[in-house]
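**Student:** My file is coords-v8.csv. It has CSV, C-alpha atoms:
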```
chain,number,residue,atom,x,y,z
A,28,MET,CA,64.8,54.8,1.0
A,29,THR,CA,66.1,55.2,4.5
A,30,VAL,CA,63.4,55.6,7.2
A,31,GLN,CA,63.4,56.2,10.9
A,32,LEU,CA,61.2,53.9,13.1
A,33,PHE,CA,59.1,55.4,15.8
A,34,ILE,CA,57.7,52.7,18.2
A,35,PRO,CA,55.2,54.2,20.7
A,36,CYS,CA,55.8,53.4,24.3
A,37,PHE,CA,52.9,51.1,24.7
A,38,VAL,CA,53.8,49.2,21.6
A,39,ASP,CA,57.4,48.8,22.9
A,40,GLN,CA,56.1,47.5,26.2
A,41,LEU,CA,53.1,45.4,25.2
A,42,PHE,CA,53.2,44.6,21.5
A,43,PRO,CA,56.9,44.3,20.4
A,44,ASP,CA,56.1,41.7,17.8
A,45,THR,CA,54.1,44.3,15.8
A,46,ALA,CA,57.2,46.6,15.8
A,47,PHE,CA,59.4,43.7,14.4
A,48,ASN,CA,56.8,42.9,11.8
A,49,MET,CA,56.7,46.5,10.7
A,50,ILE,CA,60.4,46.4,10.2
A,51,LYS,CA,60.0,43.1,8.2
A,52,VAL,CA,57.5,44.7,5.9
A,53,LEU,CA,59.4,47.9,5.4
A,54,GLU,CA,62.6,46.0,4.5
A,55,LYS,CA,60.6,43.9,2.0
A,56,ALA,CA,59.3,47.1,0.5
A,57,GLY,CA,63.0,48.2,-0.1
A,58,CYS,CA,63.6,50.4,2.9
A,59,THR,CA,66.6,50.7,5.1
A,60,VAL,CA,65.3,51.0,8.7
A,61,LYS,CA,67.0,53.1,11.4
A,62,TYR,CA,66.0,52.8,15.0
A,63,ASN,CA,67.1,55.2,17.8
A,64,PRO,CA,67.0,53.1,21.0
A,65,ALA,CA,66.9,56.4,23.1
A,66,GLN,CA,63.4,57.2,21.9
A,67,THR,CA,60.5,57.1,24.4
A,68,CYS,CA,57.0,58.7,24.1
A,69,CYS,CA,55.5,61.3,21.8
A,70,GLY,CA,54.0,63.1,24.8
A,71,GLN,CA,50.4,62.6,24.0
A,72,PRO,CA,49.3,61.1,27.4
A,73,ALA,CA,50.5,64.1,29.3
A,74,PHE,CA,49.1,66.6,26.8
A,75,ASN,CA,45.7,64.9,26.8
A,76,SER,CA,45.6,65.0,30.6
A,77,GLY,CA,46.3,68.7,30.7
A,78,PHE,CA,50.0,68.6,31.9
A,79,LEU,CA,51.3,70.9,29.2
A,80,ASP,CA,54.7,71.6,30.7
A,81,ASP,CA,55.3,67.8,31.2
A,82,ALA,CA,54.1,67.2,27.7
A,83,ARG,CA,56.5,69.9,26.3
A,84,ALA,CA,59.4,68.2,28.0
A,85,VAL,CA,58.6,64.8,26.5
A,86,CYS,CA,57.9,66.3,23.1
A,87,SER,CA,61.2,68.2,23.2
A,88,LYS,CA,63.0,64.9,23.6
A,89,PHE,CA,61.0,63.5,20.7
A,90,LEU,CA,62.2,66.4,18.5
A,91,SER,CA,65.8,65.6,19.4
A,92,ASP,CA,65.5,61.9,18.9
A,93,PHE,CA,64.6,62.1,15.2
A,94,GLU,CA,66.3,63.6,12.2
A,95,PRO,CA,64.2,66.2,10.3
A,96,ASP,CA,65.3,65.2,6.9
A,97,LEU,CA,64.4,61.5,6.9
A,98,PRO,CA,60.8,60.0,7.0
A,99,ILE,CA,59.6,58.7,10.4
A,100,VAL,CA,57.2,55.8,10.2
A,101,ALA,CA,55.1,54.6,13.1
A,102,PRO,CA,52.5,51.8,13.7
A,103,SER,CA,50.1,54.2,15.4
A,104,ALA,CA,47.9,56.9,13.7
A,105,SER,CA,47.2,58.2,17.2
A,106,CYS,CA,50.8,59.2,17.8
A,107,VAL,CA,51.3,60.4,14.2
A,108,GLY,CA,48.2,62.6,14.5
A,109,PHE,CA,49.4,64.0,17.7
A,110,VAL,CA,52.8,65.1,16.4
A,111,ARG,CA,51.2,66.5,13.2
A,112,ASN,CA,48.4,68.4,14.8
A,113,TYR,CA,49.4,69.4,18.3
A,114,TYR,CA,53.2,69.9,18.4
A,115,SER,CA,52.7,73.3,16.7
A,116,LYS,CA,50.5,74.4,19.6
A,117,LEU,CA,53.1,73.4,22.2
A,118,PHE,CA,56.0,75.1,20.4
A,119,ASP,CA,54.4,78.1,18.8
A,120,ASN,CA,56.8,81.1,18.7
A,121,SER,CA,59.6,79.0,20.2
A,122,ALA,CA,63.1,78.1,19.1
A,123,GLN,CA,61.8,74.7,18.1
A,124,HIS,CA,59.2,76.0,15.7
A,125,HIS,CA,61.1,75.2,12.4
A,126,ARG,CA,62.1,71.7,13.6
A,127,VAL,CA,58.5,71.0,14.5
A,128,GLN,CA,57.4,72.0,11.0
A,129,ALA,CA,60.0,69.8,9.4
A,130,LEU,CA,59.1,66.7,11.5
A,131,ARG,CA,55.4,67.3,11.0
A,132,ASN,CA,56.0,66.9,7.2
A,133,GLN,CA,58.2,63.8,7.7
A,134,ILE,CA,56.1,61.6,10.0
A,135,PHE,CA,53.8,59.0,8.6
A,136,GLU,CA,51.5,56.2,9.8
A,137,PHE,CA,52.6,52.8,8.5
A,138,SER,CA,49.9,52.2,5.8
A,139,GLU,CA,50.0,55.8,4.7
A,140,PHE,CA,53.7,55.6,4.1
A,141,LEU,CA,53.5,52.3,2.2
A,142,VAL,CA,50.8,53.4,-0.2
A,143,GLN,CA,51.3,57.2,-0.5
A,144,GLN,CA,55.1,57.4,-0.3
A,145,LEU,CA,56.3,54.1,-1.6
A,146,GLY,CA,53.5,53.3,-3.9
A,147,VAL,CA,53.3,49.7,-2.5
A,148,THR,CA,49.9,47.9,-2.1
A,149,GLU,CA,51.0,44.3,-2.4
A,150,LEU,CA,53.6,42.6,-0.3
A,151,GLY,CA,53.0,38.9,-0.8
A,152,ALA,CA,51.1,38.4,2.5
A,153,ARG,CA,48.8,35.5,3.0
A,154,LEU,CA,46.1,35.1,5.7
A,155,PRO,CA,43.2,32.7,5.1
A,156,GLY,CA,39.9,33.9,6.5
A,157,LYS,CA,37.5,36.8,6.7
A,158,ALA,CA,38.3,40.2,8.1
A,159,THR,CA,36.8,43.5,8.8
A,160,TYR,CA,38.5,46.8,9.4
A,161,HIS,CA,38.1,49.4,12.2
A,162,ASP,CA,38.9,53.0,11.4
A,163,SER,CA,40.5,54.5,14.4
A,164,CYS,CA,39.4,58.1,15.3
A,165,ALA,CA,43.0,59.3,14.9
A,166,GLY,CA,43.6,57.5,11.6
A,167,LEU,CA,40.3,58.7,10.1
A,168,ARG,CA,40.1,62.2,11.5
A,169,GLU,CA,43.6,63.3,12.4
A,170,CYS,CA,45.6,61.6,9.7
A,171,ARG,CA,42.9,61.4,7.0
A,172,ILE,CA,43.6,57.7,6.4
A,173,LYS,CA,40.7,55.7,4.9
A,174,GLU,CA,41.6,53.8,1.7
A,175,GLU,CA,45.3,53.0,2.4
A,176,PRO,CA,44.8,50.1,4.8
A,177,ARG,CA,42.0,48.7,2.8
A,178,ARG,CA,44.0,48.7,-0.4
A,179,LEU,CA,46.7,46.8,1.4
A,180,LEU,CA,44.3,44.3,2.9
A,181,MET,CA,42.6,43.6,-0.4
A,182,ASN,CA,45.9,42.3,-1.7
A,183,VAL,CA,46.4,39.8,1.1
A,184,ALA,CA,46.0,36.4,-0.4
A,185,GLY,CA,43.2,34.3,1.1
A,186,LEU,CA,41.7,37.2,3.0
A,187,GLU,CA,38.1,38.3,2.4
A,188,LEU,CA,37.5,41.9,3.5
A,189,THR,CA,34.0,43.1,4.6
A,190,GLU,CA,32.8,46.3,6.1
A,191,LEU,CA,31.2,46.5,9.5
A,192,SER,CA,28.2,48.7,10.4
A,193,ASP,CA,28.9,52.2,11.8
A,194,VAL,CA,32.5,51.7,10.8
A,195,GLU,CA,33.5,55.3,11.5
A,196,THR,CA,32.2,55.2,15.1
A,197,CYS,CA,34.7,55.4,17.9
A,198,CYS,CA,35.6,52.1,19.7
A,199,GLY,CA,35.4,53.8,23.1
A,200,PHE,CA,39.1,53.7,24.1
A,201,GLY,CA,40.2,57.3,23.8
A,202,GLY,CA,43.2,56.9,26.2
A,203,ALA,CA,42.1,58.5,29.5
A,204,PHE,CA,38.5,58.4,28.4
A,205,ALA,CA,38.4,54.6,29.0
A,206,VAL,CA,39.6,55.3,32.6
A,207,LYS,CA,37.4,58.3,33.4
A,208,PHE,CA,34.2,57.0,31.7
A,209,GLU,CA,34.6,53.3,32.0
A,210,SER,CA,30.9,52.3,31.5
A,211,ILE,CA,30.5,54.4,28.4
A,212,SER,CA,33.8,53.1,27.1
A,213,ILE,CA,32.8,49.5,27.6
A,214,GLY,CA,29.5,50.1,25.9
A,215,MET,CA,31.1,51.7,22.9
A,216,GLY,CA,33.6,48.7,22.7
A,217,GLU,CA,30.7,46.3,22.9
A,218,GLN,CA,28.9,48.0,20.0
A,219,LYS,CA,32.1,47.9,17.9
A,220,VAL,CA,32.7,44.2,18.6
A,221,GLU,CA,29.1,43.2,18.0
A,222,ASN,CA,29.1,44.9,14.7
A,223,ALA,CA,32.3,43.1,13.8
A,224,LEU,CA,30.8,39.8,14.8
A,225,ALA,CA,27.8,40.4,12.7
A,226,THR,CA,30.0,40.4,9.6
A,227,GLY,CA,31.2,36.8,10.3
A,228,ALA,CA,34.8,38.0,10.4
A,229,ASP,CA,37.6,36.0,11.9
A,230,TYR,CA,39.8,39.1,12.3
A,231,LEU,CA,39.2,42.7,13.4
A,232,ILE,CA,42.1,44.8,12.0
A,233,SER,CA,43.2,48.3,12.6
A,234,THR,CA,46.2,50.7,12.4
A,235,ASP,CA,46.0,51.4,16.1
A,236,LEU,CA,46.9,48.9,18.8
A,237,SER,CA,45.4,51.1,21.5
A,238,CYS,CA,41.9,50.5,19.9
A,239,LEU,CA,42.7,46.8,19.4
A,240,MET,CA,43.9,46.4,23.0
A,241,HIS,CA,40.6,47.9,24.2
A,242,LEU,CA,38.5,45.7,21.9
A,243,GLN,CA,40.4,42.5,22.6
A,244,GLY,CA,39.6,43.0,26.3
A,245,TYR,CA,35.9,43.0,25.6
A,246,ILE,CA,36.4,40.0,23.1
A,247,ASP,CA,38.2,38.0,25.8
A,248,GLY,CA,35.6,38.8,28.4
A,249,ARG,CA,32.8,37.8,26.1
A,250,GLY,CA,34.6,34.8,24.7
A,251,ALA,CA,33.8,36.0,21.2
A,252,PRO,CA,35.1,34.1,18.2
A,253,ILE,CA,37.1,36.9,16.6
A,254,ARG,CA,40.7,38.0,16.9
A,255,THR,CA,42.2,41.5,16.7
A,256,MET,CA,45.3,42.1,14.5
A,257,HIS,CA,47.4,45.1,13.7
A,258,LEU,CA,47.8,45.8,10.0
A,259,ALA,CA,51.6,45.2,10.2
A,260,ASP,CA,51.0,41.7,11.6
A,261,VAL,CA,48.6,40.9,8.8
A,262,LEU,CA,51.1,42.1,6.1
A,263,ALA,CA,53.9,40.1,7.7
A,264,SER,CA,51.8,36.9,7.5
A,265,GLY,CA,52.5,34.0,5.2
A,266,TRP,CA,56.0,34.7,4.0
```
If you took the structure in this file and wrote it as structure tokens, what would it be?

**Tutor:**
Amino acid sequence: MTVQLFIPCFVDQLFPDTAFNMIKVLEKAGCTVKYNPAQTCCGQPAFNSGFLDDARAVCSKFLSDFEPDLPIVAPSASCVGFVRNYYSKLFDNSAQHHRVQALRNQIFEFSEFLVQQLGVTELGARLPGKATYHDSCAGLRECRIKEEPRRLLMNVAGLELTELSDVETCCGFGGAFAVKFESISIGMGEQKVENALATGADYLISTDLSCLMHLQGYIDGRGAPIRTMHLADVLASGW
């Protein structure tokens, strides 16, 4: 299967290794991966800040950067959820309406694509240790992803998966929320990390690097003995 790769702007700038690991995993799963280097942002930051005209301009570019007849795979449930759930609001009754509908049906979060579209749950990954999984708000509530990443993690050799308390509670990042409500955001991050530490896990894993970036900041400040990892980095380990 030929797939298009969407790499969110912050992943491109801050976590490029995760993008390369996602390509590695998709190719092992039998996919031919296409990447359009002209791609930029999905438009979510501007939309969430209330700049709808600016968001519409960025989203229009996204619509032109991808082909509507090929799957689009991204390492971010947040970006996927935005395209699926909010593009229709920006382009309602516009000339872009049909293209929006087509792309909404073709964009997938990484674990969702592997499990639901390819039927793949085992990739030969190996990572010794104990891990716990964080459900991002976008993954859980906007993309309806729950079991897919867990099924993939349960097939990683040497990795013991355990659930943390209040697993469906927000980590406190929320994009601009972390800037506007810093103290609340830090408190929520603290709660998430402390719950992860209580499991004895070596790794805190998620589908969203935005959450993990926030949590790693608290972990580093506290000097806590746990490491955040994106699911793609886990699945690319050991082979």

**Student:** Calculate how many Å separate atom CA of Asn222 of chain A from atom CA of Thr159 of chain A, rounding to one decimal.

**Tutor:**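 According to the coordinates, atom CA of Asn222 of chain A and atom CA of Thr159 of chain A are separated by 9.8 Å.
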
**Student:** Give me the residues near Phe137 of chain A as a PyMOL selection string, where near means some atom within 9 Å (using only C-alpha atoms) and where sequence neighbours in that chain fewer than 6 positions away do not count.

**Tutor:** chain A and resi 49+53+100-104+234+258-259

**Student:** Could you save the residues just selected, with C-alpha atoms, as a compact mmCIF listing (two decimals), in the frame of the given file?

**Tutor:**
```txt
# COMPACT_ATOMS: atom_id res chain seq x y z
CA MET A 49 56.70 46.50 10.70
CA LEU A 53 59.40 47.90 5.40
CA VAL A 100 57.20 55.80 10.20
CA ALA A 101 55.10 54.60 13.10
CA PRO A 102 52.50 51.80 13.70
CA SER A 103 50.10 54.20 15.40
CA ALA A 104 47.90 56.90 13.70
CA THR A 234 46.20 50.70 12.40
CA LEU A 258 47.80 45.80 10.00
CA ALA A 259 51.60 45.20 10.20
```

**Student:** Would you pick out the contacts of segment 191-198 of chain A at 8 Å or less, using only C-alpha atoms, so that residues sharing its chain but fewer than 6 positions from it are not included, and give the list as number ranges by chain?

**Tutor:** A: 159-164, 167, 212, 215-216, 218-219, 222-223, 225-226, 238, 241-242

**Student:** Can you pull out every residue within 12 Å of segment 66-79 of chain A, counting all atoms listed in the file, but drop anything in the same chain fewer than 2 positions away, and send it as a PyMOL selection string?

**Tutor:** chain A and resi 31-40+61-64+81-94+101+103-114+116-118+134+201-204+206-207

**Student:** Nearest to Leu41 of chain A: which of A:Ser237, A:Gln144, A:Ser138, A:Ser115 is it, counting only C-alpha atoms?

**Tutor:**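 Among the listed residues, the smallest separation from Leu41 of chain A belongs to A:Ser237.
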
**Student:** Give me the residues within 8 Å of Thr29 of chain A as JSON, numbers by chain, counting all atoms listed in the file and dropping any in the same chain fewer than 6 places off.

**Tutor:** {"A": [58, 59, 60, 61, 97, 98]}

**Student:** Calculate how many Å separate atom CA of Met28 of chain A from atom CA of Phe140 of chain A, rounding to one decimal.

**Tutor:** 11.6 Å

**Student:** Compare A:Val183, A:Ala263, A:Ala129, A:Val142 by their minimum atom-to-atom distance to Ile50 of chain A, counting only C-alpha atoms, and give me the closest one.

**Tutor:**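 Distance minimum relative to Ile50 of chain A lands on A:Ala263.
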
**Student:** Calculated over all atoms listed in the file, which of the candidates A:Ala165, A:Met256, A:Met240, A:Leu262 has the smallest distance to Ala56 of chain A?

**Tutor:**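 Smallest separation from Ala56 of chain A among the options: A:Leu262.
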
**Student:** Counting all atoms listed in the file, what is within 8 Å of Gly265 of chain A, bar same-chain residues fewer than 5 positions away, as a PyMOL selection string?

**Tutor:** chain A and resi 151-154

**Student:** Go ahead and compute the interatomic distance for atom CA of Glu175 of chain A and atom CA of Leu188 of chain A, in Å to one decimal.

**Tutor:**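 Going from atom CA of Glu175 of chain A over to atom CA of Leu188 of chain A, I get 13.6 Å.
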
**Student:** Which of these residues is nearest to Gln133 of chain A, using all atoms listed in the file: A:Gly156, A:Arg168, A:Val30, A:Ser121?

**Tutor:**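 So, comparing all the options, the nearest one is A:Val30.
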
**Student:** With 6 Å as the threshold, what does the neighbourhood of (33.7, 38.6, 23.2) contain in terms of residues, counting only C-alpha atoms? Coordinates are those of the file; answer as a list in words.

**Tutor:**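 Residues close enough to count: Tyr245, Ile246, Asp247, Gly248, Arg249, Gly250 and Ala251 of chain A.
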
**Student:** When distances are computed from all atoms listed in the file, which of A:Glu209, A:Ala65, A:Asp119, A:Gln128 shows the smallest separation from Pro95 of chain A?

**Tutor:**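 Of A:Glu209, A:Ala65, A:Asp119, A:Gln128, the one nearest Pro95 of chain A, counting all atoms listed in the file, is A:Gln128.
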